[in-house]
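Asks: Input: one structure, supplied below.
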Amino acid sequence: MTRRLRALKRWMASQGIDHSDGLEIREDDAGIRVMATRDLGEGEVVARIPKSACLTVKTSGAREAIEEAGLGGPLGLAAAVMYERGLGEGSAWAGYLQALPGREAVPVTWEVGEIDEFLVGTELHKTMKEDKALIYEDWKECILPLLSSGPQKLKPKSFGYDQYVAAKSLVTSRSFEIDDYHGFGMVPLADLFNHKTGAENVHFTSVSSDSGSDNDQNIENQNGHYYDDYSDNLSTEDLPSEINGSPTVFTGETYGNGNNMEHASSSEDDPSVLEMIIVKGVKSGDEVFNTYGAMGNAALLHRYGFTELDNSFDIVNIDLKLVIDWSSSQFSSRYTRARVSLWRRFDCSGCVSQNCEYFEISSEGEPQLELLILLYVIFLPDGVYHKLNQMVPSSGDICKTISTIFSVKHNTSISLEDLDTIKDCLLIDKVCRGLVSLAEIRESYYGKCSLDDDEKKLMNSYKSHKKLYHSLVLRVSERRILKKLKTYASRPIKVKKRTFMKRR
Ligand SMILES: C[S@@+](CC[C@H](N)C(=O)[O-])C[C@H]1O[C@@H](n2cnc3c(N)ncnc32)[C@H](O)[C@@H]1O
């Protein structure tokens, strides 16, 4: 066992952090992981962590300064981490902090040149550049003033920009939302579990310290498009419920006796202790995984600095702007504007994140329905377009909307109820060709080297070269989705005949 792991274990014991004899914390070149030393069964409580041992704004020595400055959420927690790190051995969390990496290798810690080189074309490229600017702004506007206005003396060298970026990277990749009182916090031991998409073994449940009730809540994970959690000069309410991604279901059950905790009672909730429970059995010798949420590779890399090959939650986005530019090049800007505005009158829209509207393409290459409708509307004959434009806007029911469009186009009453049929009806040749063109334009963002080239590079790269390896996984997985989109747009549509049985 390494020295830092020994020191961590000693510190955890001194804080009353306890884990079952069925867990073993190991460290290798890839970092720390938690292994099962015997079979672990569903429902077994494997760890207990007093909330007092968690590093939060409330427990930090800089609480007063941080609260006076009104810093909450991940930003307040980053300030608390910087403060405690600055105390060195004098911090109550010294034994915990010494075991953390200096910074997590998330892209916001990369040089701008690395971001340009590794992430070009990917979903993260633009986001990371924006994040870098936002992080600098947060530091200047929220962290720097702490030094002058704080009621206690804070050491300037602990609150530099580099220290802020490093603290942010740890908060983003390791923090949990603990409860209403503590908000976000670093939770020792709980943050040693690695992630596996859709195959986690442990869960945490949280009991609100306000209510003291036992309505444990599995905090829902974000699915699909990642949200930006770097610009966090936001109050906790502004943030998604699962900000940290270190997905948190804590339980406040009473502390059982002994090391082997499978008989823990749940009759008396103790809101001061967090618990980790096995939700899916683990075989002796296997790694015990947590889940940080159902996330695609862009979100995983963004927040945690790693990716997974064959991640079923992966997506690629096609921006509405790309569709508008492509349509304007086929028709005209005026024509495109008119078609987009008809599409909007049907209550259609893309997904929206910050100032960008986009359509998701699933890991299977299936485009979002709204994109198909938009392409269909773009290709409507003028006469049909004019007729539809004179009609009352739709009720917001997507099936009714499409039925209306088809009814006007085919001059008969058509009623469609299932979404698969609707998609197939929308996939006329022109729409399919449009999808292929959009996929090709999106694909061109990756630059000159082909998907084959990227796949070869990935095969020859090492996981230890984290930045290169994980950005290649991201590129390859996105490009494979675009390839699947092209295949999707080229498949024969079987159901057209059945669909267009007309109801007069
Ligand atoms: C909450 S910590 C987990 C413990 C961590 N392995 C350590 O050494 O302390 C989260 C970090 O672990 C790493 N990690 C977690 N799951 C991973 C996975 N499936 N593959 C690669 N790295 C992973 C990433 O660096 C991530 O930012």
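Each chain in the structure tokens gets a letter, A, B and so on, in the order shown; residues start at 1 in every chain, and ligands are counted from 1 in the order they appear.
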Please extract the residues at most 7 Å from ligand 1, counting only C-alpha atoms and all ligand atoms, and provide them as a PyMOL selection string, using the chain letters and residue numbers of this document.

Replies: chain A and resi 30-33+100+104-105+173-174+191-196+246+304-308

Asks: Residues at most 12 Å from Lys280 (chain A), counting only C-alpha atoms, excluding those fewer than 2 positions away in the same chain, as an NGL selection string?

Replies: :A and (39-45 or 198-203 or 277-278 or 282-283 or 288-291)

Asks: Considering only C-alpha atoms, return as a ChimeraX atom specification whatever protein or nucleic-acid residues lie within 9 Å of Val165 (chain A), sequence-local ones (same chain, fewer than 5 positions apart) excluded.

Replies: /A:78,103,108-109,135-136,139,160,170

Asks: How far is it from CA of Ala489 (chain A) to CA of Asp454 (chain A), in Å with one decimal?

Replies: 23.5 Å

Asks: Would you kindly return, as a CSV table (one decimal) with C-alpha atoms, in the first residue's frame, each protein, DNA or RNA residue with an atom no farther than 8 Å from any atom of region 371-383 of chain A, considering only C-alpha atoms and excluding same-chain residues fewer than 2 positions away?

Replies:
```csv
chain,number,residue,atom,x,y,z
A,327,SER,CA,-31.1,24.9,-46.4
A,336,THR,CA,-35.5,28.9,-45.1
A,339,ARG,CA,-40.0,27.2,-43.5
A,340,VAL,CA,-38.4,27.4,-40.0
A,342,LEU,CA,-43.8,27.4,-40.1
A,343,TRP,CA,-42.0,24.6,-38.2
A,350,GLY,CA,-34.7,21.7,-31.0
A,359,PHE,CA,-30.9,18.3,-32.6
A,367,PRO,CA,-32.1,11.7,-35.5
A,368,GLN,CA,-34.4,13.6,-33.2
A,369,LEU,CA,-38.0,13.7,-34.5
A,385,TYR,CA,-46.6,25.2,-47.4
A,386,HIS,CA,-49.0,28.1,-48.2
A,387,LYS,CA,-52.1,26.1,-47.2
A,402,ILE,CA,-47.7,15.5,-38.4
A,409,LYS,CA,-50.0,17.3,-48.4
A,423,LYS,CA,-40.7,8.8,-38.5
A,426,LEU,CA,-41.2,11.6,-42.8
A,427,LEU,CA,-38.3,9.8,-44.3
A,428,ILE,CA,-39.0,10.6,-47.9
A,430,LYS,CA,-35.3,14.3,-50.1
A,431,VAL,CA,-35.3,14.2,-46.3
A,434,GLY,CA,-30.8,16.1,-46.5
```

Asks: Enumerate as a PyMOL selection string all residues of region 285-453 of chain A assigned to alpha helix (DSSP H) by DSSP on the backbone, naming them with the chain letters and numbers the document uses.

Replies: chain A and resi 297-304+320-330+333-345+369-378+382-389+398-410+419-426+429-444+451-453

Asks: I'd like the contact shell of Val384 (chain A) - 10 Å cut-off, only C-alpha atoms, skipping same-chain residues fewer than 5 positions apart - returned as a list in words.

Replies: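 In the requested format, the answer is Val377, Asn389, Ile405, Phe406, Ser407, Val408, Lys409, His410 and Asn411 of chain A.
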
Asks: Please determine, counting only C-alpha atoms, which residue among A:Ser333, A:Ser60, A:Thr2, A:Ser169 has the shortest atom-to-atom distance to Pro101 (chain A).

Replies: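 Smallest distance to Pro101 (chain A) is found for A:Ser169.
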
Asks: Could you state the separation of CA of Glu275 (chain A) and CA of Ile49 (chain A) in Å, given to one decimal place?

Replies: 6.4 Å

Asks: Between CA of Phe159 (chain A) and CA of Asp179 (chain A), what is the distance in Å, rounded to a tenth?

Replies: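 Between these atoms lies a distance of 26.6 Å.
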
Asks: As a tab-separated table (two decimals) with C-alpha atoms, in the first residue's frame, please: the residues near Ile481 (chain A) (cut-off 9 Å, only C-alpha atoms, same-chain neighbours under 6 positions excluded).

Replies:
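selection-v8.tsv written:
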```tsv
chain	number	residue	atom	x	y	z
A	314	ASP	CA	-23.39	8.79	-26.55
A	315	ILE	CA	-24.91	11.37	-28.85
A	316	VAL	CA	-23.89	13.83	-31.53
A	361	ILE	CA	-28.54	12.07	-32.97
A	362	SER	CA	-28.69	8.97	-30.74
A	363	SER	CA	-25.87	6.44	-30.37
A	364	GLU	CA	-27.76	4.32	-32.92
A	365	GLY	CA	-27.65	7.16	-35.43
A	366	GLU	CA	-31.33	8.01	-35.07
```

Asks: Closest to Ser149 (chain A) among A:Asp116, A:Asp180, A:Glu24, A:Glu67, using only C-alpha atoms?

Replies: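 Closest residue, counting only C-alpha atoms: A:Glu67.
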
Asks: Which is closest to Met128 (chain A) among A:Trp110, A:Tyr83, A:Met295, A:Lys467, if we use only C-alpha atoms?

Replies: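 Selected residue with least distance to Met128 (chain A): A:Trp110.
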
Asks: Calculated over only C-alpha atoms, which of the candidates A:Leu472, A:Ala299, A:Leu322, A:Met186 has the smallest distance to Glu455 (chain A)?

Replies: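 Closest residue, counting only C-alpha atoms: A:Leu472.
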
Asks: Which of these, A:Ser52, A:Arg3, A:Gly73, A:Ala80, has the shortest distance to Gly95 (chain A) once you count only C-alpha atoms?

Replies: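 Ranking A:Ser52, A:Arg3, A:Gly73, A:Ala80 by distance to Gly95 (chain A), first place goes to A:Arg3.
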
Asks: Which residue, A:Leu71, A:Leu154, A:Ala53, A:Val81, has the smallest gap to Leu189 (chain A) when you use only C-alpha atoms?

Replies: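 Under the stated criterion, the closest residue is A:Ala53.
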